[in-house]
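Shown here: upload_4.cif, mmCIF, N, CA and C atoms and all ligand atoms.
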data_data
loop_
_atom_site.label_atom_id
_atom_site.label_comp_id
_atom_site.auth_asym_id
_atom_site.auth_seq_id
_atom_site.Cartn_x
_atom_site.Cartn_y
_atom_site.Cartn_z
N ALA A 1 6.36 3.03 -20.26
CA ALA A 1 6.85 4.39 -19.98
C ALA A 1 7.17 4.54 -18.50
N LEU A 2 8.04 5.50 -18.19
CA LEU A 2 8.37 5.78 -16.79
C LEU A 2 7.10 6.32 -16.11
N GLN A 3 6.78 5.74 -14.98
CA GLN A 3 5.50 6.01 -14.32
C GLN A 3 5.71 6.02 -12.81
N ARG A 4 4.73 6.63 -12.11
CA ARG A 4 4.76 6.62 -10.65
C ARG A 4 3.53 5.92 -10.11
N THR A 5 3.68 5.26 -8.96
CA THR A 5 2.54 4.67 -8.29
C THR A 5 2.66 4.94 -6.80
N PHE A 6 1.55 4.71 -6.10
CA PHE A 6 1.51 4.94 -4.66
C PHE A 6 1.42 3.60 -3.94
N SER A 7 2.15 3.48 -2.83
CA SER A 7 2.23 2.23 -2.08
C SER A 7 2.09 2.51 -0.59
N ILE A 8 1.46 1.58 0.12
CA ILE A 8 1.44 1.64 1.59
C ILE A 8 1.95 0.31 2.14
N ILE A 9 2.89 0.37 3.06
CA ILE A 9 3.25 -0.79 3.88
C ILE A 9 2.35 -0.72 5.11
N LYS A 10 1.51 -1.74 5.28
CA LYS A 10 0.39 -1.69 6.23
C LYS A 10 0.82 -2.06 7.66
N PRO A 11 -0.08 -1.80 8.64
CA PRO A 11 0.28 -2.02 10.05
C PRO A 11 0.71 -3.46 10.40
N ASP A 12 0.16 -4.47 9.70
CA ASP A 12 0.59 -5.85 10.02
C ASP A 12 2.07 -6.04 9.70
N ALA A 13 2.55 -5.32 8.68
CA ALA A 13 3.95 -5.45 8.26
C ALA A 13 4.89 -4.60 9.12
N THR A 14 4.47 -3.36 9.44
CA THR A 14 5.35 -2.54 10.30
C THR A 14 5.48 -3.17 11.68
N ARG A 15 4.37 -3.76 12.16
CA ARG A 15 4.36 -4.43 13.47
C ARG A 15 5.40 -5.56 13.54
N ARG A 16 5.57 -6.25 12.41
CA ARG A 16 6.53 -7.38 12.36
C ARG A 16 7.90 -6.95 11.84
N ASN A 17 8.13 -5.62 11.76
CA ASN A 17 9.44 -5.08 11.39
C ASN A 17 9.87 -5.50 9.98
N LEU A 18 8.91 -5.47 9.04
CA LEU A 18 9.17 -5.96 7.68
C LEU A 18 9.39 -4.84 6.65
N THR A 19 9.48 -3.59 7.10
CA THR A 19 9.61 -2.48 6.15
C THR A 19 10.81 -2.68 5.20
N GLY A 20 11.95 -3.01 5.76
CA GLY A 20 13.15 -3.16 4.93
C GLY A 20 13.05 -4.35 3.98
N GLN A 21 12.49 -5.44 4.45
CA GLN A 21 12.35 -6.63 3.58
C GLN A 21 11.39 -6.35 2.43
N ILE A 22 10.30 -5.62 2.71
CA ILE A 22 9.36 -5.27 1.64
C ILE A 22 10.01 -4.29 0.67
N ASN A 23 10.73 -3.30 1.20
CA ASN A 23 11.42 -2.35 0.31
C ASN A 23 12.43 -3.07 -0.58
N ALA A 24 13.08 -4.08 -0.07
CA ALA A 24 14.05 -4.83 -0.88
C ALA A 24 13.35 -5.54 -2.04
N VAL A 25 12.15 -6.09 -1.79
CA VAL A 25 11.41 -6.75 -2.88
C VAL A 25 11.03 -5.72 -3.95
N LEU A 26 10.58 -4.55 -3.51
CA LEU A 26 10.22 -3.49 -4.46
C LEU A 26 11.43 -3.07 -5.29
N GLU A 27 12.55 -2.84 -4.62
CA GLU A 27 13.76 -2.38 -5.33
C GLU A 27 14.30 -3.45 -6.26
N ASN A 28 14.25 -4.70 -5.82
CA ASN A 28 14.74 -5.79 -6.67
C ASN A 28 13.87 -5.97 -7.91
N ALA A 29 12.61 -5.50 -7.84
CA ALA A 29 11.72 -5.57 -9.00
C ALA A 29 11.93 -4.37 -9.93
N GLY A 30 12.83 -3.47 -9.59
CA GLY A 30 13.13 -2.33 -10.46
C GLY A 30 12.36 -1.07 -10.13
N LEU A 31 11.68 -1.06 -8.98
CA LEU A 31 10.97 0.15 -8.55
C LEU A 31 11.88 0.98 -7.65
N ARG A 32 11.86 2.30 -7.85
CA ARG A 32 12.65 3.21 -7.02
C ARG A 32 11.73 3.89 -6.03
N ILE A 33 12.12 3.94 -4.74
CA ILE A 33 11.33 4.61 -3.71
C ILE A 33 11.76 6.09 -3.73
N ILE A 34 10.92 6.93 -4.36
CA ILE A 34 11.31 8.34 -4.55
C ILE A 34 10.68 9.27 -3.52
N ALA A 35 9.83 8.70 -2.64
CA ALA A 35 9.30 9.42 -1.47
C ALA A 35 8.84 8.36 -0.48
N GLN A 36 9.01 8.66 0.80
CA GLN A 36 8.61 7.66 1.81
C GLN A 36 8.48 8.35 3.17
N LYS A 37 7.38 8.05 3.89
CA LYS A 37 7.30 8.50 5.28
C LYS A 37 6.43 7.56 6.09
N ARG A 38 6.73 7.53 7.40
CA ARG A 38 6.01 6.65 8.34
C ARG A 38 5.01 7.51 9.10
N LEU A 39 3.75 7.05 9.13
CA LEU A 39 2.64 7.80 9.72
C LEU A 39 1.78 6.86 10.55
N HIS A 40 1.09 7.42 11.54
CA HIS A 40 0.01 6.67 12.18
C HIS A 40 -1.28 7.36 11.75
N LEU A 41 -2.04 6.72 10.86
CA LEU A 41 -3.23 7.35 10.30
C LEU A 41 -4.30 7.56 11.38
N THR A 42 -4.99 8.69 11.27
CA THR A 42 -6.17 8.91 12.10
C THR A 42 -7.35 8.18 11.43
N LYS A 43 -8.42 8.01 12.20
CA LYS A 43 -9.63 7.39 11.66
C LYS A 43 -10.14 8.19 10.47
N ALA A 44 -10.15 9.51 10.59
CA ALA A 44 -10.64 10.36 9.50
C ALA A 44 -9.79 10.20 8.23
N GLN A 45 -8.48 10.10 8.41
CA GLN A 45 -7.59 9.93 7.25
C GLN A 45 -7.82 8.58 6.56
N ALA A 46 -7.94 7.51 7.36
CA ALA A 46 -8.16 6.17 6.78
C ALA A 46 -9.53 6.11 6.09
N GLU A 47 -10.54 6.71 6.70
CA GLU A 47 -11.88 6.75 6.08
C GLU A 47 -11.84 7.49 4.76
N ALA A 48 -11.13 8.61 4.72
CA ALA A 48 -11.06 9.40 3.49
C ALA A 48 -10.28 8.66 2.41
N PHE A 49 -9.15 8.04 2.80
CA PHE A 49 -8.34 7.34 1.81
C PHE A 49 -9.11 6.19 1.16
N TYR A 50 -9.88 5.46 1.97
CA TYR A 50 -10.62 4.29 1.49
C TYR A 50 -12.09 4.60 1.21
N ALA A 51 -12.43 5.87 0.99
CA ALA A 51 -13.83 6.28 0.77
C ALA A 51 -14.50 5.48 -0.36
N VAL A 52 -13.71 5.06 -1.36
CA VAL A 52 -14.25 4.28 -2.48
C VAL A 52 -14.85 2.95 -2.00
N HIS A 53 -14.40 2.45 -0.84
CA HIS A 53 -14.89 1.17 -0.30
C HIS A 53 -15.97 1.34 0.77
N LYS A 54 -16.48 2.58 0.90
CA LYS A 54 -17.41 2.93 1.99
C LYS A 54 -18.59 1.97 2.14
N GLU A 55 -19.12 1.49 1.02
CA GLU A 55 -20.33 0.63 1.07
C GLU A 55 -19.99 -0.85 1.22
N ARG A 56 -18.71 -1.17 1.24
CA ARG A 56 -18.32 -2.59 1.32
C ARG A 56 -18.44 -3.10 2.75
N PRO A 57 -18.75 -4.40 2.90
CA PRO A 57 -18.92 -4.96 4.24
C PRO A 57 -17.65 -4.90 5.09
N PHE A 58 -16.49 -4.84 4.44
CA PHE A 58 -15.23 -4.88 5.20
C PHE A 58 -14.71 -3.48 5.55
N TYR A 59 -15.47 -2.42 5.20
CA TYR A 59 -14.96 -1.05 5.36
C TYR A 59 -14.59 -0.68 6.80
N ASN A 60 -15.50 -0.93 7.75
CA ASN A 60 -15.22 -0.55 9.14
C ASN A 60 -14.02 -1.29 9.70
N ASP A 61 -13.95 -2.59 9.43
CA ASP A 61 -12.80 -3.38 9.88
C ASP A 61 -11.51 -2.88 9.24
N LEU A 62 -11.59 -2.53 7.95
CA LEU A 62 -10.42 -2.04 7.23
C LEU A 62 -9.90 -0.75 7.86
N VAL A 63 -10.80 0.17 8.17
CA VAL A 63 -10.40 1.44 8.80
C VAL A 63 -9.78 1.17 10.17
N ALA A 64 -10.37 0.27 10.94
CA ALA A 64 -9.82 -0.07 12.27
C ALA A 64 -8.42 -0.68 12.12
N PHE A 65 -8.26 -1.58 11.15
CA PHE A 65 -6.95 -2.20 10.91
C PHE A 65 -5.91 -1.17 10.48
N MET A 66 -6.27 -0.29 9.55
CA MET A 66 -5.31 0.68 9.00
C MET A 66 -4.89 1.74 10.02
N THR A 67 -5.66 1.86 11.11
CA THR A 67 -5.30 2.81 12.18
C THR A 67 -4.73 2.10 13.40
N SER A 68 -4.49 0.78 13.28
CA SER A 68 -4.06 -0.02 14.44
C SER A 68 -2.57 0.11 14.74
N GLY A 69 -1.83 0.75 13.85
CA GLY A 69 -0.39 0.91 14.03
C GLY A 69 0.17 1.74 12.90
N PRO A 70 1.49 1.95 12.89
CA PRO A 70 2.10 2.78 11.85
C PRO A 70 1.96 2.17 10.45
N VAL A 71 1.92 3.04 9.46
CA VAL A 71 2.04 2.64 8.06
C VAL A 71 3.25 3.38 7.48
N VAL A 72 3.75 2.89 6.36
CA VAL A 72 4.76 3.61 5.59
C VAL A 72 4.16 3.90 4.22
N VAL A 73 3.99 5.19 3.91
CA VAL A 73 3.45 5.57 2.60
C VAL A 73 4.62 5.91 1.68
N GLN A 74 4.46 5.54 0.42
CA GLN A 74 5.59 5.63 -0.52
C GLN A 74 5.12 6.06 -1.91
N VAL A 75 6.01 6.72 -2.63
CA VAL A 75 5.86 6.90 -4.07
C VAL A 75 6.94 6.05 -4.74
N LEU A 76 6.52 5.20 -5.65
CA LEU A 76 7.43 4.32 -6.39
C LEU A 76 7.48 4.77 -7.84
N GLU A 77 8.67 4.74 -8.40
CA GLU A 77 8.84 5.13 -9.81
C GLU A 77 9.56 4.03 -10.57
N GLY A 78 9.12 3.80 -11.81
CA GLY A 78 9.77 2.80 -12.65
C GLY A 78 9.00 2.62 -13.95
N GLU A 79 9.53 1.76 -14.82
CA GLU A 79 8.84 1.42 -16.06
C GLU A 79 7.52 0.74 -15.71
N ASP A 80 6.41 1.25 -16.21
CA ASP A 80 5.08 0.67 -15.92
C ASP A 80 4.91 0.37 -14.44
N ALA A 81 5.19 1.38 -13.62
CA ALA A 81 5.24 1.17 -12.16
C ALA A 81 3.93 0.66 -11.57
N VAL A 82 2.79 1.09 -12.10
CA VAL A 82 1.51 0.64 -11.53
C VAL A 82 1.37 -0.87 -11.68
N ALA A 83 1.55 -1.36 -12.90
CA ALA A 83 1.41 -2.80 -13.16
C ALA A 83 2.54 -3.59 -12.49
N LYS A 84 3.74 -3.04 -12.53
CA LYS A 84 4.89 -3.73 -11.93
C LYS A 84 4.68 -3.91 -10.43
N ASN A 85 4.18 -2.85 -9.77
CA ASN A 85 3.95 -2.95 -8.33
C ASN A 85 2.84 -3.95 -8.03
N ARG A 86 1.78 -3.97 -8.86
CA ARG A 86 0.69 -4.93 -8.63
C ARG A 86 1.20 -6.36 -8.82
N ASP A 87 2.09 -6.57 -9.77
CA ASP A 87 2.69 -7.91 -9.96
C ASP A 87 3.47 -8.33 -8.73
N VAL A 88 4.28 -7.43 -8.23
CA VAL A 88 5.17 -7.78 -7.12
C VAL A 88 4.40 -7.90 -5.80
N MET A 89 3.26 -7.19 -5.68
CA MET A 89 2.42 -7.33 -4.48
C MET A 89 1.74 -8.69 -4.44
N GLY A 90 1.22 -9.15 -5.57
CA GLY A 90 0.45 -10.38 -5.62
C GLY A 90 -1.03 -10.12 -5.34
N ALA A 91 -1.85 -11.17 -5.42
CA ALA A 91 -3.29 -11.06 -5.26
C ALA A 91 -3.66 -10.51 -3.89
N THR A 92 -4.81 -9.80 -3.82
CA THR A 92 -5.30 -9.23 -2.55
C THR A 92 -5.34 -10.28 -1.45
N ASN A 93 -5.87 -11.45 -1.80
CA ASN A 93 -5.93 -12.56 -0.84
C ASN A 93 -4.62 -13.35 -0.91
N PRO A 94 -3.84 -13.37 0.16
CA PRO A 94 -2.54 -14.06 0.10
C PRO A 94 -2.66 -15.55 -0.25
N LYS A 95 -3.82 -16.14 0.00
CA LYS A 95 -4.03 -17.56 -0.38
C LYS A 95 -3.99 -17.73 -1.89
N GLU A 96 -4.26 -16.64 -2.62
CA GLU A 96 -4.28 -16.69 -4.09
C GLU A 96 -3.04 -16.04 -4.71
N ALA A 97 -2.13 -15.54 -3.87
CA ALA A 97 -0.97 -14.81 -4.37
C ALA A 97 0.11 -15.76 -4.88
N ALA A 98 0.77 -15.37 -5.95
CA ALA A 98 1.82 -16.19 -6.57
C ALA A 98 3.07 -16.22 -5.68
N GLU A 99 3.82 -17.29 -5.83
CA GLU A 99 5.10 -17.47 -5.14
C GLU A 99 6.02 -16.28 -5.42
N GLY A 100 6.70 -15.81 -4.39
CA GLY A 100 7.67 -14.72 -4.58
C GLY A 100 7.06 -13.34 -4.45
N THR A 101 5.73 -13.24 -4.43
CA THR A 101 5.10 -11.93 -4.26
C THR A 101 5.14 -11.51 -2.79
N ILE A 102 4.98 -10.20 -2.55
CA ILE A 102 5.03 -9.68 -1.18
C ILE A 102 3.92 -10.30 -0.34
N ARG A 103 2.72 -10.36 -0.90
CA ARG A 103 1.60 -10.90 -0.10
C ARG A 103 1.76 -12.38 0.16
N LYS A 104 2.28 -13.14 -0.80
CA LYS A 104 2.54 -14.57 -0.55
C LYS A 104 3.58 -14.73 0.56
N SER A 105 4.61 -13.92 0.51
CA SER A 105 5.71 -14.05 1.48
C SER A 105 5.33 -13.56 2.87
N PHE A 106 4.53 -12.46 2.93
CA PHE A 106 4.39 -11.76 4.22
C PHE A 106 2.97 -11.58 4.74
N ALA A 107 1.94 -11.58 3.88
CA ALA A 107 0.60 -11.20 4.33
C ALA A 107 0.03 -12.23 5.30
N GLU A 108 -0.78 -11.73 6.24
CA GLU A 108 -1.41 -12.61 7.24
C GLU A 108 -2.75 -13.14 6.75
N ASN A 109 -3.55 -12.27 6.09
CA ASN A 109 -4.87 -12.66 5.58
C ASN A 109 -5.34 -11.59 4.60
N ILE A 110 -6.58 -11.73 4.09
CA ILE A 110 -7.06 -10.82 3.03
C ILE A 110 -7.13 -9.37 3.51
N GLU A 111 -7.33 -9.14 4.79
CA GLU A 111 -7.35 -7.77 5.32
C GLU A 111 -5.92 -7.31 5.67
N ALA A 112 -5.25 -8.06 6.51
CA ALA A 112 -3.88 -7.72 6.92
C ALA A 112 -2.94 -8.26 5.86
N ASN A 113 -2.98 -7.60 4.67
CA ASN A 113 -2.27 -8.13 3.51
C ASN A 113 -1.01 -7.33 3.17
N SER A 114 -0.45 -6.68 4.19
CA SER A 114 0.92 -6.13 4.17
C SER A 114 1.16 -4.90 3.30
N VAL A 115 0.51 -4.81 2.14
CA VAL A 115 0.74 -3.68 1.24
C VAL A 115 -0.53 -3.26 0.50
N HIS A 116 -0.57 -1.99 0.14
CA HIS A 116 -1.56 -1.45 -0.80
C HIS A 116 -0.80 -0.90 -1.99
N GLY A 117 -1.38 -1.00 -3.17
CA GLY A 117 -0.81 -0.36 -4.34
C GLY A 117 -1.91 0.18 -5.23
N SER A 118 -1.69 1.33 -5.83
CA SER A 118 -2.69 1.94 -6.72
C SER A 118 -3.06 0.97 -7.83
N ASP A 119 -4.35 1.02 -8.25
CA ASP A 119 -4.81 0.11 -9.31
C ASP A 119 -4.80 0.74 -10.70
N SER A 120 -4.46 2.03 -10.80
CA SER A 120 -4.38 2.70 -12.11
C SER A 120 -3.50 3.94 -11.97
N ALA A 121 -3.05 4.45 -13.09
CA ALA A 121 -2.24 5.68 -13.07
C ALA A 121 -3.06 6.86 -12.55
N GLU A 122 -4.36 6.88 -12.90
CA GLU A 122 -5.25 7.97 -12.44
C GLU A 122 -5.37 7.94 -10.92
N ASN A 123 -5.63 6.76 -10.36
CA ASN A 123 -5.72 6.66 -8.90
C ASN A 123 -4.38 6.89 -8.22
N ALA A 124 -3.29 6.52 -8.88
CA ALA A 124 -1.97 6.78 -8.32
C ALA A 124 -1.77 8.27 -8.10
N ALA A 125 -2.14 9.07 -9.07
CA ALA A 125 -1.98 10.53 -8.96
C ALA A 125 -2.82 11.08 -7.80
N ILE A 126 -4.04 10.57 -7.66
CA ILE A 126 -4.93 11.01 -6.58
C ILE A 126 -4.35 10.60 -5.22
N GLU A 127 -3.89 9.36 -5.12
CA GLU A 127 -3.38 8.84 -3.84
C GLU A 127 -2.06 9.50 -3.45
N ILE A 128 -1.19 9.75 -4.43
CA ILE A 128 0.07 10.45 -4.15
C ILE A 128 -0.24 11.85 -3.60
N ALA A 129 -1.17 12.55 -4.23
CA ALA A 129 -1.52 13.91 -3.81
C ALA A 129 -2.17 13.95 -2.44
N PHE A 130 -2.82 12.83 -2.05
CA PHE A 130 -3.45 12.74 -0.72
C PHE A 130 -2.39 12.79 0.38
N PHE A 131 -1.23 12.19 0.15
CA PHE A 131 -0.22 12.04 1.20
C PHE A 131 1.03 12.90 1.04
N PHE A 132 1.36 13.32 -0.18
CA PHE A 132 2.65 13.98 -0.39
C PHE A 132 2.50 15.34 -1.05
N ALA A 133 3.33 16.26 -0.58
CA ALA A 133 3.52 17.54 -1.28
C ALA A 133 4.57 17.31 -2.37
N GLY A 134 4.51 18.09 -3.42
CA GLY A 134 5.47 17.95 -4.51
C GLY A 134 6.91 18.01 -4.06
N ILE A 135 7.20 18.85 -3.07
CA ILE A 135 8.56 19.04 -2.59
C ILE A 135 9.12 17.80 -1.89
N GLU A 136 8.23 16.89 -1.48
CA GLU A 136 8.66 15.65 -0.78
C GLU A 136 8.99 14.51 -1.73
N ILE A 137 8.72 14.71 -3.02
CA ILE A 137 8.93 13.64 -4.01
C ILE A 137 10.16 13.98 -4.83
N VAL A 138 11.19 13.13 -4.71
CA VAL A 138 12.48 13.41 -5.33
C VAL A 138 12.82 12.29 -6.31
N GLY A 139 12.47 12.49 -7.55
CA GLY A 139 12.67 11.46 -8.56
C GLY A 139 14.06 11.49 -9.16
P1 LIG A 201 -6.16 -2.74 -0.54
O1 LIG A 201 -5.45 -3.04 -1.81
O2 LIG A 201 -5.52 -1.76 0.38
O3 LIG A 201 -7.67 -2.26 -0.87
C1 LIG A 201 -8.74 -2.46 0.03
C2 LIG A 201 -8.36 -3.29 1.22
O4 LIG A 201 -9.46 -3.84 1.94
C3 LIG A 201 -7.58 -4.51 0.79
O5 LIG A 201 -6.32 -4.13 0.30
C4 LIG A 201 -7.60 -5.33 2.07
O6 LIG A 201 -6.65 -4.86 3.03
C5 LIG A 201 -9.00 -5.00 2.64
N1 LIG A 201 -9.96 -6.08 2.49
C6 LIG A 201 -10.53 -6.75 3.51
N2 LIG A 201 -11.40 -7.66 3.08
C7 LIG A 201 -11.41 -7.57 1.74
C8 LIG A 201 -12.12 -8.27 0.70
N3 LIG A 201 -13.00 -9.24 0.97
N4 LIG A 201 -11.88 -7.93 -0.58
C9 LIG A 201 -10.99 -6.94 -0.87
N5 LIG A 201 -10.30 -6.25 0.06
C10 LIG A 201 -10.49 -6.57 1.35
#

So, in terms of structure tokens, how does the structure I just supplied come out?
Amino acid sequence: ALQRTFSIIKPDATRRNLTGQINAVLENAGLRIIAQKRLHLTKAQAEAFYAVHKERPFYNDLVAFMTSGPVVVQVLEGEDAVAKNRDVMGATNPKEAAEGTIRKSFAENIEANSVHGSDSAENAAIEIAFFFAGIEIVG
């Protein structure tokens, strides 16, 4: 079914000027970018967005990394967009990511892994609402 998911192009990728190359991979996979903006997250925003990982050992480093430079937040729409985006992103650890995936092509390491994508339709709705007003999403 037609579905929406939430995506972030992370600071390691914006730093290397890869926004357009990553968007091309998303579009070539059949995902439409129906909302997009570039932000520099505050510490409070990154902590709130990743609150689910609060108890993980990598949480503090993750927040520092996500606030180290600009991000591009996006809403993607397409057939089975959540699963399709996870396929095209590849495994969290780029060493385990399949050939042709965004993380295989561009990620630096398991933390600086170039993109985030929602892991379920339920979380996609929560993450989209965290960053976008309805009027900013044009499907
Ligand atoms: P993301 O999909 O945005 O979700 C949590 C992020 O934490 C993950 O991508 C990585 O950027 C980062 N991270 C750092 N270390 C780990 C780890 N060991 N396992 C999972 N995620 C990690």

Near ligand LIG 201 (chain A), 6.5 Å: chain A residue rows, closest pairs, all atoms listed in the file, as a tab-separated table:
residue	atom	partner	partner_atom	distance
A:Phe58	CA	A:LIG201	N2	5.2
A:Leu62	CA	A:LIG201	C5	5.6
A:Thr92	CA	A:LIG201	O5	5.9
A:Ile110	C	A:LIG201	C6	4.3
A:Glu111	C	A:LIG201	O6	3.7
A:Ala112	N	A:LIG201	O6	4.9
A:Asn113	N	A:LIG201	O6	4.9
A:Val115	C	A:LIG201	O2	5.2
A:His116	CA	A:LIG201	O2	4.1
A:Gly117	N	A:LIG201	O1	4.8

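The gap separating atom C of Phe65 (chain A) from atom N of Tyr50 (chain A) is 11.5 Å, in Å to one decimal.
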
Between CA of Ser68 (chain A) and CA of Leu41 (chain A), what is the distance in Å, rounded to a tenth? 8.5 Å

Counting only C-alpha atoms, what are the residues of region 36-137 of chain A within 8 Å of region 4-9 of chain A, and for each of them which pair of atoms is the nearest and at what distance in Å, to one decimal? Sort the table by chain and rising number, as JSON lines.
{"residue": "A:Val71", "atom": "CA", "partner": "A:Ile9", "partner_atom": "CA", "distance": 5.5}
{"residue": "A:Val72", "atom": "CA", "partner": "A:Ile9", "partner_atom": "CA", "distance": 5.0}
{"residue": "A:Val73", "atom": "CA", "partner": "A:Ile8", "partner_atom": "CA", "distance": 4.5}
{"residue": "A:Gln74", "atom": "CA", "partner": "A:Ser7", "partner_atom": "CA", "distance": 5.0}
{"residue": "A:Val75", "atom": "CA", "partner": "A:Phe6", "partner_atom": "CA", "distance": 4.8}
{"residue": "A:Leu76", "atom": "CA", "partner": "A:Thr5", "partner_atom": "CA", "distance": 5.3}
{"residue": "A:Glu77", "atom": "CA", "partner": "A:Arg4", "partner_atom": "CA", "distance": 4.4}
{"residue": "A:Gly78", "atom": "CA", "partner": "A:Arg4", "partner_atom": "CA", "distance": 6.6}
{"residue": "A:Asp80", "atom": "CA", "partner": "A:Arg4", "partner_atom": "CA", "distance": 8.0}
{"residue": "A:Ala81", "atom": "CA", "partner": "A:Arg4", "partner_atom": "CA", "distance": 5.7}
{"residue": "A:Val82", "atom": "CA", "partner": "A:Thr5", "partner_atom": "CA", "distance": 5.3}
{"residue": "A:Asn85", "atom": "CA", "partner": "A:Thr5", "partner_atom": "CA", "distance": 7.7}
{"residue": "A:Ser114", "atom": "CA", "partner": "A:Ile9", "partner_atom": "CA", "distance": 5.8}
{"residue": "A:Val115", "atom": "CA", "partner": "A:Ile9", "partner_atom": "CA", "distance": 4.6}
{"residue": "A:His116", "atom": "CA", "partner": "A:Ile8", "partner_atom": "CA", "distance": 4.9}
{"residue": "A:Gly117", "atom": "CA", "partner": "A:Ser7", "partner_atom": "CA", "distance": 4.6}
{"residue": "A:Ser118", "atom": "CA", "partner": "A:Phe6", "partner_atom": "CA", "distance": 5.6}
{"residue": "A:Ala121", "atom": "CA", "partner": "A:Thr5", "partner_atom": "CA", "distance": 6.8}
{"residue": "A:Ala124", "atom": "CA", "partner": "A:Thr5", "partner_atom": "CA", "distance": 5.0}
{"residue": "A:Ala125", "atom": "CA", "partner": "A:Thr5", "partner_atom": "CA", "distance": 7.4}
{"residue": "A:Glu127", "atom": "CA", "partner": "A:Phe6", "partner_atom": "CA", "distance": 6.3}
{"residue": "A:Ile128", "atom": "CA", "partner": "A:Phe6", "partner_atom": "CA", "distance": 5.7}

Could you pull out the strand (DSSP E or B) residues of region 48-109 of chain A, going by DSSP on the backbone, and write them as a list of chain:residue names?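 Strand (DSSP E or B) assignments inside region 48-109 of chain A correspond to A:Val71, A:Val72, A:Val73, A:Gln74, A:Val75, A:Leu76, A:Glu77, A:Gly78, A:Glu79.
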
Output for the residues just chosen: N, CA and C atoms as a CSV table (one decimal), in the coordinates of the input:
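What landed in part12.csv:
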chain,number,residue,atom,x,y,z
A,71,VAL,N,1.9,3.0,9.5
A,71,VAL,CA,2.0,2.6,8.1
A,71,VAL,C,3.2,3.4,7.5
A,72,VAL,N,3.8,2.9,6.4
A,72,VAL,CA,4.8,3.6,5.6
A,72,VAL,C,4.2,3.9,4.2
A,73,VAL,N,4.0,5.2,3.9
A,73,VAL,CA,3.4,5.6,2.6
A,73,VAL,C,4.6,5.9,1.7
A,74,GLN,N,4.5,5.5,0.4
A,74,GLN,CA,5.6,5.6,-0.5
A,74,GLN,C,5.1,6.1,-1.9
A,75,VAL,N,6.0,6.7,-2.6
A,75,VAL,CA,5.9,6.9,-4.1
A,75,VAL,C,6.9,6.0,-4.7
A,76,LEU,N,6.5,5.2,-5.6
A,76,LEU,CA,7.4,4.3,-6.4
A,76,LEU,C,7.5,4.8,-7.8
A,77,GLU,N,8.7,4.7,-8.4
A,77,GLU,CA,8.8,5.1,-9.8
A,77,GLU,C,9.6,4.0,-10.6
A,78,GLY,N,9.1,3.8,-11.8
A,78,GLY,CA,9.8,2.8,-12.6
A,78,GLY,C,9.0,2.6,-14.0
A,79,GLU,N,9.5,1.8,-14.8
A,79,GLU,CA,8.8,1.4,-16.1
A,79,GLU,C,7.5,0.7,-15.7

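For the pair CA of Arg38 (chain A) and atom N of Glu55 (chain A), the interatomic distance is 26.7 Å.
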
Neighbouring residues of Gly90 (chain A) were defined as those with any atom within 8 Å, considering only N, CA and C atoms; residues of the same chain fewer than 5 positions away were excluded. Please report them as a VMD selection string. chain A and resid 84 to 85 96 to 104

Could you write out the selected residues, including N, CA and C atoms, as an mmCIF file, in the coordinates of the input?
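Generated output (part06.cif):
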data_model
loop_
_atom_site.group_PDB
_atom_site.id
_atom_site.type_symbol
_atom_site.label_atom_id
_atom_site.label_comp_id
_atom_site.auth_asym_id
_atom_site.auth_seq_id
_atom_site.Cartn_x
_atom_site.Cartn_y
_atom_site.Cartn_z
ATOM 1 N N LYS A 84 3.740 -3.040 -12.530
ATOM 2 C CA LYS A 84 4.890 -3.730 -11.930
ATOM 3 C C LYS A 84 4.680 -3.910 -10.430
ATOM 4 N N ASN A 85 4.180 -2.850 -9.770
ATOM 5 C CA ASN A 85 3.950 -2.950 -8.330
ATOM 6 C C ASN A 85 2.840 -3.950 -8.030
ATOM 7 N N GLU A 96 -4.260 -16.640 -2.620
ATOM 8 C CA GLU A 96 -4.280 -16.690 -4.090
ATOM 9 C C GLU A 96 -3.040 -16.040 -4.710
ATOM 10 N N ALA A 97 -2.130 -15.540 -3.870
ATOM 11 C CA ALA A 97 -0.970 -14.810 -4.370
ATOM 12 C C ALA A 97 0.110 -15.760 -4.880
ATOM 13 N N ALA A 98 0.770 -15.370 -5.950
ATOM 14 C CA ALA A 98 1.820 -16.190 -6.570
ATOM 15 C C ALA A 98 3.070 -16.220 -5.680
ATOM 16 N N GLU A 99 3.820 -17.290 -5.830
ATOM 17 C CA GLU A 99 5.100 -17.470 -5.140
ATOM 18 C C GLU A 99 6.020 -16.280 -5.420
ATOM 19 N N GLY A 100 6.700 -15.810 -4.390
ATOM 20 C CA GLY A 100 7.670 -14.720 -4.580
ATOM 21 C C GLY A 100 7.060 -13.340 -4.450
ATOM 22 N N THR A 101 5.730 -13.240 -4.430
ATOM 23 C CA THR A 101 5.100 -11.930 -4.260
ATOM 24 C C THR A 101 5.140 -11.510 -2.790
ATOM 25 N N ILE A 102 4.980 -10.200 -2.550
ATOM 26 C CA ILE A 102 5.030 -9.680 -1.180
ATOM 27 C C ILE A 102 3.920 -10.300 -0.340
ATOM 28 N N ARG A 103 2.720 -10.360 -0.900
ATOM 29 C CA ARG A 103 1.600 -10.900 -0.100
ATOM 30 C C ARG A 103 1.760 -12.380 0.160
ATOM 31 N N LYS A 104 2.280 -13.140 -0.800
ATOM 32 C CA LYS A 104 2.540 -14.570 -0.550
ATOM 33 C C LYS A 104 3.580 -14.730 0.560
#

Non-local contacts of Glu136 (chain A) (6.5 Å; all atoms listed in the file; under 6 positions in same chain excluded) as a VMD selection string: chain A and resid 34 to 36

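The closest residue to Met66 (chain A), picked from A:Met89, A:Ala48, A:Ala24, A:Ala133 and counting only C-alpha atoms, is A:Ala48.
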
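Of the residues listed (A:Asn17, A:Arg32, A:Thr42, A:Asp119), A:Asp119 shows the shortest atom-to-atom separation from Ala83 (chain A); distances use only C-alpha atoms.
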